[in-house]
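Content type mmCIF, C-alpha atoms and all ligand atoms, from the file protein.cif:
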```
data_run
#
loop_
_atom_site.label_atom_id
_atom_site.label_comp_id
_atom_site.auth_asym_id
_atom_site.auth_seq_id
_atom_site.Cartn_x
_atom_site.Cartn_y
_atom_site.Cartn_z
CA MET A 1 25.63 -23.53 5.91
CA THR A 2 22.12 -24.95 6.00
CA MET A 3 19.49 -23.86 3.56
CA GLY A 4 18.16 -20.49 4.64
CA LEU A 5 14.54 -19.65 5.24
CA PHE A 6 14.50 -17.35 2.28
CA SER A 7 15.70 -20.08 -0.05
CA LYS A 8 12.91 -22.27 1.21
CA ILE A 9 10.33 -19.57 0.69
CA LYS A 10 11.71 -18.80 -2.73
CA GLU A 11 11.64 -22.43 -3.72
CA MET A 12 8.10 -22.75 -2.45
CA PHE A 13 6.86 -19.93 -4.67
CA LYS A 14 9.17 -20.78 -7.55
CA SER A 15 8.05 -24.38 -7.81
CA SER A 16 4.44 -23.30 -7.87
CA GLU A 17 5.40 -20.93 -10.69
CA ASP A 18 6.95 -23.72 -12.74
CA GLU A 19 4.01 -26.07 -12.36
CA GLU A 20 1.50 -23.52 -13.35
CA GLU A 21 2.52 -21.82 -16.50
CA ILE A 22 -0.91 -22.18 -18.01
CA ILE A 23 -2.60 -20.92 -14.90
CA GLU A 24 -0.22 -18.01 -14.80
CA GLU A 25 -1.27 -16.92 -18.25
CA GLU A 26 -4.87 -17.06 -17.20
CA VAL A 27 -4.16 -15.03 -14.11
CA GLN A 28 -2.33 -12.42 -16.11
CA GLU A 29 -5.30 -12.06 -18.33
CA ASP A 30 -7.46 -11.70 -15.25
CA ASP A 31 -5.22 -8.98 -13.92
CA GLU A 32 -5.44 -7.01 -17.10
CA VAL A 33 -9.18 -7.25 -17.07
CA SER A 34 -9.47 -6.25 -13.45
CA GLU A 35 -7.53 -3.08 -14.08
CA GLU A 36 -9.83 -1.87 -16.77
CA GLU A 37 -13.22 -3.18 -15.84
CA PRO A 38 -15.47 -1.95 -13.05
CA GLU A 39 -15.33 -3.86 -9.77
CA GLY A 40 -18.54 -5.75 -10.36
CA ILE A 41 -16.92 -8.31 -12.58
CA VAL A 42 -14.07 -9.05 -10.25
CA GLU A 43 -16.42 -9.48 -7.34
CA GLU A 44 -18.56 -11.99 -9.10
CA GLU A 45 -15.56 -14.01 -10.08
CA THR A 46 -14.27 -14.07 -6.56
CA GLU A 47 -17.61 -15.04 -5.18
CA ALA A 48 -17.88 -17.94 -7.54
CA GLU A 49 -14.40 -19.10 -6.62
CA GLU A 50 -15.00 -18.98 -2.93
CA THR A 51 -18.33 -20.68 -3.21
CA SER A 52 -16.85 -23.56 -5.09
CA GLU A 53 -14.04 -23.91 -2.61
CA GLU A 54 -15.35 -23.98 0.88
CA GLU A 55 -18.73 -22.54 1.50
CA VAL A 56 -20.66 -25.22 -0.31
CA GLU A 57 -19.96 -27.78 2.34
CA GLU A 58 -19.40 -25.85 5.51
CA GLU A 59 -21.30 -22.61 5.79
CA PRO A 60 -24.91 -22.52 6.86
CA GLU A 61 -25.42 -19.32 4.85
CA VAL A 62 -25.05 -21.18 1.62
CA GLU A 63 -28.76 -21.42 1.06
CA GLU A 64 -29.21 -17.70 1.33
CA LYS A 65 -26.29 -17.07 -0.90
CA THR A 66 -27.40 -19.57 -3.45
CA GLU A 67 -30.66 -17.68 -3.69
CA GLU A 68 -28.81 -14.50 -4.48
CA LYS A 69 -26.37 -15.97 -6.95
CA PRO A 70 -27.35 -19.45 -7.99
CA GLU A 71 -24.47 -21.72 -8.90
CA PRO A 72 -26.12 -24.77 -10.38
CA VAL A 73 -23.00 -25.84 -12.25
CA ILE A 74 -20.95 -26.05 -9.11
CA GLU A 75 -23.58 -28.05 -7.28
CA GLU A 76 -23.59 -30.61 -10.05
CA VAL A 77 -19.85 -30.86 -9.83
CA VAL A 78 -20.05 -31.31 -6.08
CA GLU A 79 -22.49 -34.16 -6.22
CA GLU A 80 -21.58 -36.06 -9.30
CA LYS A 81 -17.92 -35.52 -10.05
CA PRO A 82 -15.94 -35.40 -6.83
CA VAL A 83 -12.66 -35.95 -8.62
CA GLU A 84 -13.21 -33.03 -10.92
CA LYS A 85 -14.29 -30.90 -8.01
CA LYS A 86 -11.01 -31.61 -6.29
CA LYS A 87 -9.15 -30.63 -9.41
CA VAL A 88 -11.09 -27.41 -9.74
CA LYS A 89 -10.53 -26.69 -6.07
CA LYS A 90 -6.81 -27.23 -6.36
CA GLU A 91 -6.48 -25.08 -9.43
CA LYS A 92 -8.51 -22.29 -7.88
CA LYS A 93 -6.36 -22.43 -4.79
CA LYS A 94 -3.22 -22.18 -6.90
CA GLU A 95 -4.75 -19.36 -8.84
CA ASP A 96 -5.60 -17.46 -5.65
CA LYS A 97 -2.11 -17.98 -4.33
CA LYS A 98 -0.67 -16.72 -7.58
CA LYS A 99 -2.89 -13.65 -7.55
CA ASP A 100 -1.93 -12.87 -3.98
CA ILE A 101 1.76 -13.15 -4.75
CA LYS A 102 1.32 -10.86 -7.72
CA ILE A 103 -0.41 -8.25 -5.54
CA TYR A 104 2.53 -8.45 -3.13
CA GLU A 105 5.10 -8.24 -5.91
CA LYS A 106 3.43 -5.24 -7.49
CA GLY A 107 2.60 -3.47 -4.26
CA LEU A 108 6.09 -3.83 -2.84
CA SER A 109 7.95 -2.67 -5.91
CA LYS A 110 8.78 0.72 -4.39
CA SER A 111 10.18 -0.85 -1.26
CA ARG A 112 12.12 -3.23 -3.41
CA GLU A 113 13.64 -0.43 -5.45
CA GLY A 114 14.51 1.60 -2.39
CA PHE A 115 15.67 -0.56 0.40
CA VAL A 116 16.48 -3.80 -1.38
CA SER A 117 18.50 -2.24 -4.16
CA LYS A 118 20.55 -0.43 -1.53
CA LEU A 119 21.26 -3.78 0.11
CA ALA A 120 22.36 -5.19 -3.22
CA ASN A 121 24.67 -2.22 -3.83
CA LEU A 122 26.18 -2.65 -0.42
CA THR A 123 27.05 -6.24 -1.23
CA ASN A 124 28.73 -5.21 -4.45
CA LYS A 125 30.62 -2.39 -2.84
CA TYR A 126 32.41 -4.37 -0.14
CA LYS A 127 34.78 -7.22 -0.78
CA LYS A 128 34.86 -8.15 2.89
CA VAL A 129 32.53 -7.78 5.82
CA THR A 130 34.03 -4.92 7.80
CA ASP A 131 32.90 -2.48 10.46
CA GLU A 132 32.12 0.03 7.70
CA TYR A 133 29.96 -2.58 6.04
CA PHE A 134 27.95 -3.02 9.23
CA GLU A 135 27.64 0.72 9.72
CA GLU A 136 26.30 1.19 6.24
CA LEU A 137 23.94 -1.73 6.62
CA GLU A 138 22.66 -0.25 9.87
CA GLU A 139 21.94 3.01 8.10
CA ILE A 140 20.07 1.31 5.25
CA LEU A 141 17.86 -0.58 7.68
CA ILE A 142 17.08 2.51 9.73
CA MET A 143 16.22 4.40 6.55
CA ALA A 144 13.83 1.58 5.70
CA ASP A 145 11.89 2.35 8.89
CA ILE A 146 12.77 -0.83 10.66
CA GLY A 147 13.22 1.10 13.90
CA VAL A 148 16.44 1.91 15.71
CA ASN A 149 16.18 -0.62 18.53
CA THR A 150 15.21 -3.41 16.19
CA VAL A 151 18.12 -2.55 13.91
CA MET A 152 20.61 -2.53 16.81
CA ASP A 153 19.53 -5.99 17.96
CA PHE A 154 19.56 -7.16 14.41
CA ILE A 155 23.11 -5.95 13.76
CA ASP A 156 24.30 -7.58 16.99
CA ARG A 157 22.82 -10.89 15.98
CA LEU A 158 24.29 -10.60 12.53
CA ARG A 159 27.76 -9.84 13.87
CA ASP A 160 27.43 -12.88 16.09
CA ARG A 161 26.56 -15.13 13.21
CA VAL A 162 29.35 -13.74 11.09
CA ARG A 163 31.82 -14.54 13.85
CA LYS A 164 30.48 -17.99 14.61
CA GLU A 165 30.08 -19.08 11.02
CA HIS A 166 33.38 -17.50 9.93
CA LEU A 167 31.80 -15.51 7.15
CA ASP A 168 33.62 -12.68 5.53
CA ASP A 169 32.13 -12.38 2.07
CA PRO A 170 29.20 -9.92 1.92
CA SER A 171 27.45 -12.01 -0.71
CA GLU A 172 27.20 -14.84 1.83
CA LEU A 173 25.42 -12.46 4.13
CA LYS A 174 22.56 -11.56 1.83
CA GLU A 175 20.56 -14.61 2.65
CA ILE A 176 21.35 -14.41 6.34
CA ILE A 177 20.10 -10.84 6.42
CA VAL A 178 16.78 -11.90 4.97
CA ASP A 179 16.56 -14.83 7.37
CA GLU A 180 17.23 -12.66 10.36
CA LEU A 181 14.61 -10.14 9.29
CA PHE A 182 12.17 -12.98 9.03
CA ILE A 183 13.13 -14.20 12.50
CA ILE A 184 12.50 -10.73 13.95
CA TYR A 185 8.96 -10.93 12.72
CA VAL A 186 8.17 -14.48 13.61
CA ASN A 187 10.05 -14.50 16.90
CA ASP A 188 8.78 -17.96 17.91
CA GLU A 189 5.23 -16.79 18.12
CA ILE A 190 2.18 -18.24 16.52
CA LEU A 191 1.11 -15.47 14.24
CA THR A 192 -2.44 -14.97 13.34
CA ASN A 193 -3.61 -12.87 10.47
CA LYS A 194 -7.12 -14.26 10.65
CA ILE A 195 -10.08 -12.08 11.48
CA ASN A 196 -11.68 -13.17 14.69
CA PHE A 197 -15.38 -13.79 14.10
CA ASN A 198 -18.02 -14.10 16.79
CA GLU A 199 -19.28 -17.68 16.77
CA GLU A 200 -22.30 -16.95 18.94
CA ASP A 201 -23.54 -13.64 17.65
CA ILE A 202 -23.07 -10.95 15.04
CA SER A 203 -19.43 -9.92 14.54
CA VAL A 204 -18.63 -6.25 15.08
CA ILE A 205 -15.32 -4.84 13.85
CA LEU A 206 -14.24 -1.33 14.81
CA PHE A 207 -11.78 0.55 12.61
CA VAL A 208 -9.74 3.17 14.39
CA GLY A 209 -6.82 5.39 13.46
CA VAL A 210 -5.86 9.02 12.94
CA ASN A 211 -7.32 10.95 10.04
CA GLY A 212 -6.37 10.23 6.48
CA VAL A 213 -4.66 6.88 7.09
CA GLY A 214 -7.17 4.93 5.01
CA LYS A 215 -9.83 3.71 7.46
CA THR A 216 -12.79 4.20 5.17
CA THR A 217 -11.05 2.71 2.15
CA THR A 218 -9.96 -0.27 4.24
CA ILE A 219 -13.53 -0.85 5.38
CA ALA A 220 -14.57 -0.96 1.73
CA LYS A 221 -11.81 -3.41 0.92
CA ILE A 222 -12.66 -5.68 3.81
CA ALA A 223 -16.38 -5.49 3.05
CA ASN A 224 -15.59 -6.54 -0.50
CA LYS A 225 -13.48 -9.42 0.74
CA LEU A 226 -16.02 -10.67 3.29
CA LYS A 227 -18.84 -10.39 0.80
CA SER A 228 -16.90 -12.50 -1.64
CA GLU A 229 -16.57 -15.08 1.13
CA GLY A 230 -20.35 -15.20 1.38
CA LYS A 231 -20.89 -13.02 4.43
CA LYS A 232 -23.65 -10.49 4.71
CA VAL A 233 -21.98 -7.23 5.64
CA MET A 234 -23.16 -3.86 6.96
CA MET A 235 -21.08 -0.69 7.17
CA VAL A 236 -21.95 1.68 10.00
CA ALA A 237 -21.02 5.35 9.70
CA GLY A 238 -19.54 6.04 13.13
CA ASP A 239 -17.48 8.96 11.85
CA THR A 240 -20.08 11.66 12.33
CA PHE A 241 -17.40 14.22 13.02
CA ARG A 242 -15.95 14.99 9.60
CA ALA A 243 -18.14 16.64 6.97
CA GLY A 244 -18.71 14.24 4.10
CA ALA A 245 -17.52 11.12 5.92
CA ILE A 246 -20.98 9.56 6.09
CA GLU A 247 -21.67 10.07 2.41
CA GLN A 248 -18.23 8.73 1.50
CA LEU A 249 -18.89 5.52 3.40
CA HIS A 250 -22.34 5.22 1.87
CA GLU A 251 -20.82 5.40 -1.61
CA TRP A 252 -18.34 2.67 -0.78
CA ALA A 253 -21.14 0.48 0.56
CA ASP A 254 -23.01 0.88 -2.70
CA ARG A 255 -19.94 0.10 -4.74
CA ALA A 256 -19.18 -2.97 -2.67
CA GLY A 257 -22.83 -3.98 -2.75
CA VAL A 258 -23.23 -4.23 1.03
CA GLU A 259 -25.67 -2.78 3.59
CA PHE A 260 -25.20 0.67 5.06
CA TYR A 261 -26.42 2.40 8.20
CA GLY A 262 -25.85 6.05 9.03
CA LYS A 263 -27.46 9.13 10.54
CA GLU A 264 -26.93 12.88 10.39
CA GLU A 265 -23.57 14.55 10.82
CA ASN A 266 -22.67 15.31 14.45
CA THR A 267 -24.97 12.62 15.85
CA ASP A 268 -23.47 10.75 18.79
CA PRO A 269 -21.50 7.89 17.15
CA SER A 270 -22.60 5.47 19.88
CA SER A 271 -26.24 6.05 19.08
CA VAL A 272 -25.54 5.41 15.39
CA LEU A 273 -23.75 2.24 16.37
CA TYR A 274 -26.59 1.10 18.64
CA ASP A 275 -29.23 1.50 15.97
CA GLY A 276 -26.93 0.17 13.28
CA ILE A 277 -26.29 -3.09 15.13
CA GLU A 278 -30.00 -3.54 15.83
CA LYS A 279 -30.76 -3.01 12.17
CA ALA A 280 -27.99 -5.37 11.12
CA LYS A 281 -29.38 -8.09 13.38
CA GLU A 282 -32.87 -7.49 12.12
CA ILE A 283 -31.88 -8.05 8.50
CA GLY A 284 -29.57 -10.96 9.29
CA CYS A 285 -26.11 -9.53 8.75
CA ASP A 286 -23.07 -11.57 9.77
CA VAL A 287 -20.60 -8.74 10.14
CA VAL A 288 -20.79 -5.04 11.01
CA LEU A 289 -17.85 -2.83 9.99
CA VAL A 290 -17.73 0.41 11.95
CA ASP A 291 -16.04 3.57 10.68
CA THR A 292 -14.84 5.94 13.41
CA ALA A 293 -13.58 9.50 13.50
CA GLY A 294 -9.83 9.96 13.56
CA ARG A 295 -9.73 13.58 14.56
CA LEU A 296 -11.26 13.96 17.97
CA GLN A 297 -9.53 16.86 19.66
CA ASN A 298 -7.52 14.89 22.19
CA LYS A 299 -6.62 11.51 23.54
CA VAL A 300 -9.09 11.62 26.44
CA ASN A 301 -11.97 12.42 24.11
CA LEU A 302 -10.98 9.63 21.81
CA MET A 303 -10.63 7.19 24.69
CA ASN A 304 -14.07 8.10 26.06
CA GLU A 305 -15.64 7.81 22.66
CA LEU A 306 -14.17 4.38 21.99
CA GLU A 307 -15.11 3.18 25.45
CA LYS A 308 -18.67 4.27 24.88
CA MET A 309 -18.78 2.48 21.56
CA ASN A 310 -17.37 -0.66 23.13
CA ASN A 311 -20.03 -0.51 25.84
CA VAL A 312 -22.76 -0.28 23.23
CA VAL A 313 -21.41 -3.33 21.45
CA SER A 314 -21.14 -5.26 24.72
CA LYS A 315 -24.75 -4.43 25.52
CA LEU A 316 -26.06 -5.72 22.21
CA VAL A 317 -23.62 -8.45 21.26
CA GLU A 318 -22.61 -11.54 23.17
CA GLY A 319 -18.87 -11.20 23.78
CA GLY A 320 -18.62 -7.61 22.54
CA CYS A 321 -16.43 -6.48 19.63
CA SER A 322 -14.77 -9.22 17.62
CA GLU A 323 -11.93 -7.02 16.53
CA THR A 324 -10.64 -3.49 16.86
CA LEU A 325 -8.37 -2.89 13.91
CA LEU A 326 -5.95 0.01 13.98
CA VAL A 327 -5.26 1.48 10.57
CA ILE A 328 -1.79 2.93 9.99
CA ASP A 329 -0.30 4.59 6.93
CA ALA A 330 2.91 2.68 6.19
CA GLY A 331 4.52 5.80 4.78
CA THR A 332 4.50 7.61 8.12
CA GLY A 333 7.37 5.66 9.64
CA GLN A 334 8.12 6.24 13.30
CA ASN A 335 5.03 8.40 13.53
CA GLY A 336 2.94 5.36 12.67
CA ILE A 337 4.67 3.35 15.37
CA ASN A 338 3.89 6.10 17.87
CA GLN A 339 0.24 6.07 16.81
CA ALA A 340 0.14 2.34 17.45
CA LYS A 341 1.62 2.78 20.90
CA ALA A 342 -0.83 5.57 21.73
CA PHE A 343 -3.90 3.67 20.56
CA LYS A 344 -2.76 0.59 22.38
CA GLU A 345 -2.94 2.59 25.59
CA ILE A 346 -6.47 3.82 25.07
CA THR A 347 -8.23 0.78 23.69
CA ASN A 348 -7.81 -2.92 23.07
CA ILE A 349 -6.31 -3.11 19.58
CA THR A 350 -6.49 -6.64 18.19
CA GLY A 351 -4.80 -6.13 14.86
CA ILE A 352 -3.18 -3.66 12.54
CA VAL A 353 -3.91 -2.78 8.95
CA LEU A 354 -0.95 -1.17 7.22
CA THR A 355 -2.14 0.89 4.29
CA LYS A 356 -0.33 2.51 1.38
CA MET A 357 2.46 -0.04 1.31
CA ASP A 358 2.47 0.51 -2.44
CA GLY A 359 3.39 4.14 -1.98
CA THR A 360 6.36 3.72 0.30
CA ALA A 361 9.92 2.64 -0.26
CA LYS A 362 10.15 1.79 3.42
CA GLY A 363 8.57 -1.62 3.76
CA GLY A 364 10.46 -2.21 6.99
CA ILE A 365 7.68 -0.75 9.11
CA VAL A 366 6.03 -4.18 9.21
CA LEU A 367 8.96 -5.53 11.17
CA ALA A 368 9.17 -2.49 13.42
CA ILE A 369 5.51 -2.68 14.39
CA LYS A 370 5.78 -6.27 15.32
CA GLU A 371 8.91 -5.72 17.35
CA GLU A 372 8.02 -2.44 19.01
CA VAL A 373 4.27 -2.71 19.43
CA GLY A 374 3.65 -6.44 19.55
CA ILE A 375 0.34 -6.39 17.70
CA PRO A 376 -0.02 -8.57 14.61
CA VAL A 377 -0.38 -6.94 11.22
CA LYS A 378 -3.48 -8.58 9.80
CA PHE A 379 -3.82 -6.85 6.45
CA ILE A 380 -1.79 -4.68 4.17
CA GLY A 381 -3.20 -2.18 1.70
CA LEU A 382 -1.34 -2.11 -1.58
CA GLY A 383 -3.36 0.35 -3.63
CA GLU A 384 -6.51 2.43 -3.80
CA ARG A 385 -8.85 -0.04 -5.42
CA MET A 386 -11.24 -2.29 -3.56
CA GLU A 387 -9.18 -5.37 -4.48
CA ASP A 388 -5.90 -3.92 -3.23
CA LEU A 389 -5.88 -5.53 0.19
CA VAL A 390 -4.27 -8.79 1.20
CA SER A 391 -4.11 -10.74 4.43
CA PHE A 392 -0.64 -10.17 5.74
CA ASP A 393 1.57 -13.15 5.15
CA ILE A 394 5.19 -12.84 6.22
CA GLU A 395 6.39 -15.38 3.70
CA LYS A 396 4.80 -13.66 0.74
CA TYR A 397 5.96 -10.33 2.08
CA ILE A 398 9.57 -11.48 2.33
CA TYR A 399 9.35 -13.01 -1.11
CA GLY A 400 7.79 -9.87 -2.61
CA LEU A 401 10.49 -7.75 -1.06
CA PHE A 402 13.61 -9.75 -1.78
CA LYS A 403 12.83 -11.80 -4.82
CA ASP A 404 15.25 -9.87 -7.06
CA MET A 405 18.08 -9.92 -4.58
CA MET A 406 19.03 -13.56 -4.63
N1 LIG B 1 -1.96 4.13 -2.61
C1 LIG B 1 -2.81 3.82 -1.63
N2 LIG B 1 -3.71 4.73 -1.22
C2 LIG B 1 -4.58 4.40 -0.25
C3 LIG B 1 -4.54 3.11 0.38
N3 LIG B 1 -5.51 3.09 1.33
C4 LIG B 1 -6.11 4.31 1.30
N4 LIG B 1 -5.56 5.11 0.36
C5 LIG B 1 -5.90 6.51 0.04
O1 LIG B 1 -5.73 7.34 1.19
C6 LIG B 1 -6.66 8.41 1.17
C7 LIG B 1 -7.39 8.50 2.51
O2 LIG B 1 -8.19 7.36 2.65
P1 LIG B 1 -9.49 7.30 3.59
O3 LIG B 1 -9.97 5.91 3.54
O4 LIG B 1 -10.44 8.37 3.25
O5 LIG B 1 -8.83 7.61 5.01
P2 LIG B 1 -9.56 7.79 6.42
O6 LIG B 1 -8.64 7.25 7.45
O7 LIG B 1 -10.92 7.24 6.38
O8 LIG B 1 -9.58 9.38 6.50
P3 LIG B 1 -10.53 10.31 7.43
O9 LIG B 1 -11.92 9.84 7.27
O10 LIG B 1 -10.29 11.68 6.88
O11 LIG B 1 -10.02 10.19 8.82
C8 LIG B 1 -7.57 8.16 -0.01
O12 LIG B 1 -7.17 8.96 -1.08
C9 LIG B 1 -7.34 6.69 -0.34
O13 LIG B 1 -7.57 6.38 -1.70
C10 LIG B 1 -3.55 2.15 -0.09
O14 LIG B 1 -3.42 1.02 0.39
N5 LIG B 1 -2.72 2.57 -1.09
MG MG B 2 -12.78 8.09 6.78
#
```
As structure tokens - that is how I would like this structure written.
Amino acid sequence: MTMGLFSKIKEMFKSSEDEEEIIEEEVQEDDEVSEEEPEGIVEEETEAEETSEEEVEEEPEVEEKTEEKPEPVIEEVVEEKPVEKKKVKKEKKKEDKKKDIKIYEKGLSKSREGFVSKLANLTNKYKKVTDEYFEELEEILIMADIGVNTVMDFIDRLRDRVRKEHLDDPSELKEIIVDELFIIYVNDEILTNKINFNEEDISVILFVGVNGVGKTTTIAKIANKLKSEGKKVMMVAGDTFRAGAIEQLHEWADRAGVEFYGKEENTDPSSVLYDGIEKAKEIGCDVVLVDTAGRLQNKVNLMNELEKMNNVVSKLVEGGCSETLLVIDAGTGQNGINQAKAFKEITNITGIVLTKMDGTAKGGIVLAIKEEVGIPVKFIGLGERMEDLVSFDIEKYIYGLFKDMM
């Protein structure tokens, strides 16, 4: 049997672990600090990292940013000690990777305990791969919210491989199961988890989703992330429907240290958006993040509202919206999948943010969404804090989920 994908992924992350014991200690210290200290400190650190990595050479905004947070030390390094700069760059990159993996590991611990430990038990329980084994496996995967159709296809493929490769020991199947799950997600496609930015004009990102899924929190997290990458960000309070929503967003904007635009409750969201974008352009923002109401009475209302908002953006911005991100609560299972299908019908969803992955033992929804809805998951939320958001990366996800199993 050739080396499985999971082994490769595991080796990839393992070898970086071995090389970097010192860095790991540093990162652990960082983590401890970030749990206790207010966000300000973490932000500054991230900003400094990002600046030293990429922005210095490439981004035109650097001058502005340098005014706000001068980094004389880094500039010296850039000009006079290119070798050292490379070293710093490499170490920072490793450090970032490490941090990301840790967020995945921590955030997926519930899924790991639930679904993955059941898989491990299954392997111990059966001496041979039998029909009962497959039935039980099927049940575990369905319970993990992978979705019935996806599971059926998956089991068929697995049975095929078992037959062709003459496998009959369940422990040999563990790795194949992980590989096949990975294949479901990747499915020969080029996956993009990158945010699409408008090259010509200001970038406008709409956040949609039913109430309570985590739209507002996600906006804060993404604002925080973009700000740390050197972008000037404005949040626009397009949820004028729910009492308190505007104030809630305003508070997040203050905490993240980004611009905010909002009007009175019950104002037409499109008019807020219109004025917000004009204001954002006036003060030189790069990105506008738009909160929207989740609880409009029915689908037609919601569709009309989103269409109106899209028209406003098209009027003011070359190329219209850069992204419309659908926010889904990972704990809602099939319901979440249905939301994705419904939203897909009423507007052009360009990516999905899966929130509350830390609170569910059913991490399989990532695979189900990909298979049943066909829209890429761009981010996952793994906690309530501003830092608890990562770009979705299937390799880190698989590693975070299965690392104890092999
Ligand atoms: N554990 C966890 N909680 C989260 C995550 N994302 C959001 N939440 C929590 O979910 C709750 C709802 O979040 P909001 O951001 O207000 O959700 P919303 O979609 O804007 O809700 P409405 O404005 O009422 O439609 C809050 O208590 C958040 O702290 C996450 O990734 N993990
Ligand atoms: Mg909200």
Next item on the list: Check the smallest atom-to-atom distance from each of A:Leu401, A:Val272, A:Val236, A:Leu122 to ligand MG 2 (chain B) using all atoms listed in the file, then report the winner.
Entry: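 Nearest to ligand MG 2 (chain B): A:Val236.
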Next item on the list: Give the answer as one residue: which of A:Ile205, A:Val233, A:Cys285, A:Leu367 has the shortest atom-to-atom distance to Val313 (chain A), using only C-alpha atoms?
Entry: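 Selected residue with least distance to Val313 (chain A): A:Ile205.
Between CA of Lys341 (chain A) and CA of Val373 (chain A) lies a distance of 6.3 Å.
Shortest separation to Thr267 (chain A) among A:Gly114, A:Gly284, A:Gly238, A:Gly374 occurs at residue A:Gly238, atoms counted being only C-alpha atoms.
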Centre and size of axis-aligned box enclosing region 160-174 of chain A plus 3 Å each side, as JSON:
```
{"center_x": 28.1, "center_y": -14.5, "center_z": 7.7, "size_x": 17.1, "size_y": 15.2, "size_z": 22.8}
```
May I have the residues at most 12 Å from (21.3, -6.4, -6.0) in the file's coordinates, counting all atoms listed in the file, as a PDB file with C-alpha atoms, in the coordinates of the input?
```pdb
ATOM      1  CA  ARG A 112      12.120  -3.230  -3.410  1.00  0.00           C
ATOM      2  CA  GLU A 113      13.640  -0.430  -5.450  1.00  0.00           C
ATOM      3  CA  GLY A 114      14.510   1.600  -2.390  1.00  0.00           C
ATOM      4  CA  PHE A 115      15.670  -0.560   0.400  1.00  0.00           C
ATOM      5  CA  VAL A 116      16.480  -3.800  -1.380  1.00  0.00           C
ATOM      6  CA  SER A 117      18.500  -2.240  -4.160  1.00  0.00           C
ATOM      7  CA  LYS A 118      20.550  -0.430  -1.530  1.00  0.00           C
ATOM      8  CA  LEU A 119      21.260  -3.780   0.110  1.00  0.00           C
ATOM      9  CA  ALA A 120      22.360  -5.190  -3.220  1.00  0.00           C
ATOM     10  CA  ASN A 121      24.670  -2.220  -3.830  1.00  0.00           C
ATOM     11  CA  LEU A 122      26.180  -2.650  -0.420  1.00  0.00           C
ATOM     12  CA  THR A 123      27.050  -6.240  -1.230  1.00  0.00           C
ATOM     13  CA  ASN A 124      28.730  -5.210  -4.450  1.00  0.00           C
ATOM     14  CA  LYS A 125      30.620  -2.390  -2.840  1.00  0.00           C
ATOM     15  CA  PRO A 170      29.200  -9.920   1.920  1.00  0.00           C
ATOM     16  CA  SER A 171      27.450 -12.010  -0.710  1.00  0.00           C
ATOM     17  CA  LYS A 174      22.560 -11.560   1.830  1.00  0.00           C
ATOM     18  CA  GLU A 175      20.560 -14.610   2.650  1.00  0.00           C
ATOM     19  CA  LEU A 401      10.490  -7.750  -1.060  1.00  0.00           C
ATOM     20  CA  PHE A 402      13.610  -9.750  -1.780  1.00  0.00           C
ATOM     21  CA  LYS A 403      12.830 -11.800  -4.820  1.00  0.00           C
ATOM     22  CA  ASP A 404      15.250  -9.870  -7.060  1.00  0.00           C
ATOM     23  CA  MET A 405      18.080  -9.920  -4.580  1.00  0.00           C
ATOM     24  CA  MET A 406      19.030 -13.560  -4.630  1.00  0.00           C
TER      25      MET A 406
END
```
Margin query: So, with only C-alpha atoms as the atoms that count, which of A:Ile346, A:Leu326, A:Val317, A:Val162 lies closest to Thr130 (chain A)?
Written below: A:Val162
Item checked: Given all atoms listed in the file as the counted atoms, nearest of A:Asp275, A:Glu318, A:Glu180, A:Glu247 to ligand MG 2 (chain B) -> A:Glu247
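Across the structure, CA of Thr350 (chain A) and CA of Asn193 (chain A) are spaced 10.3 Å apart.
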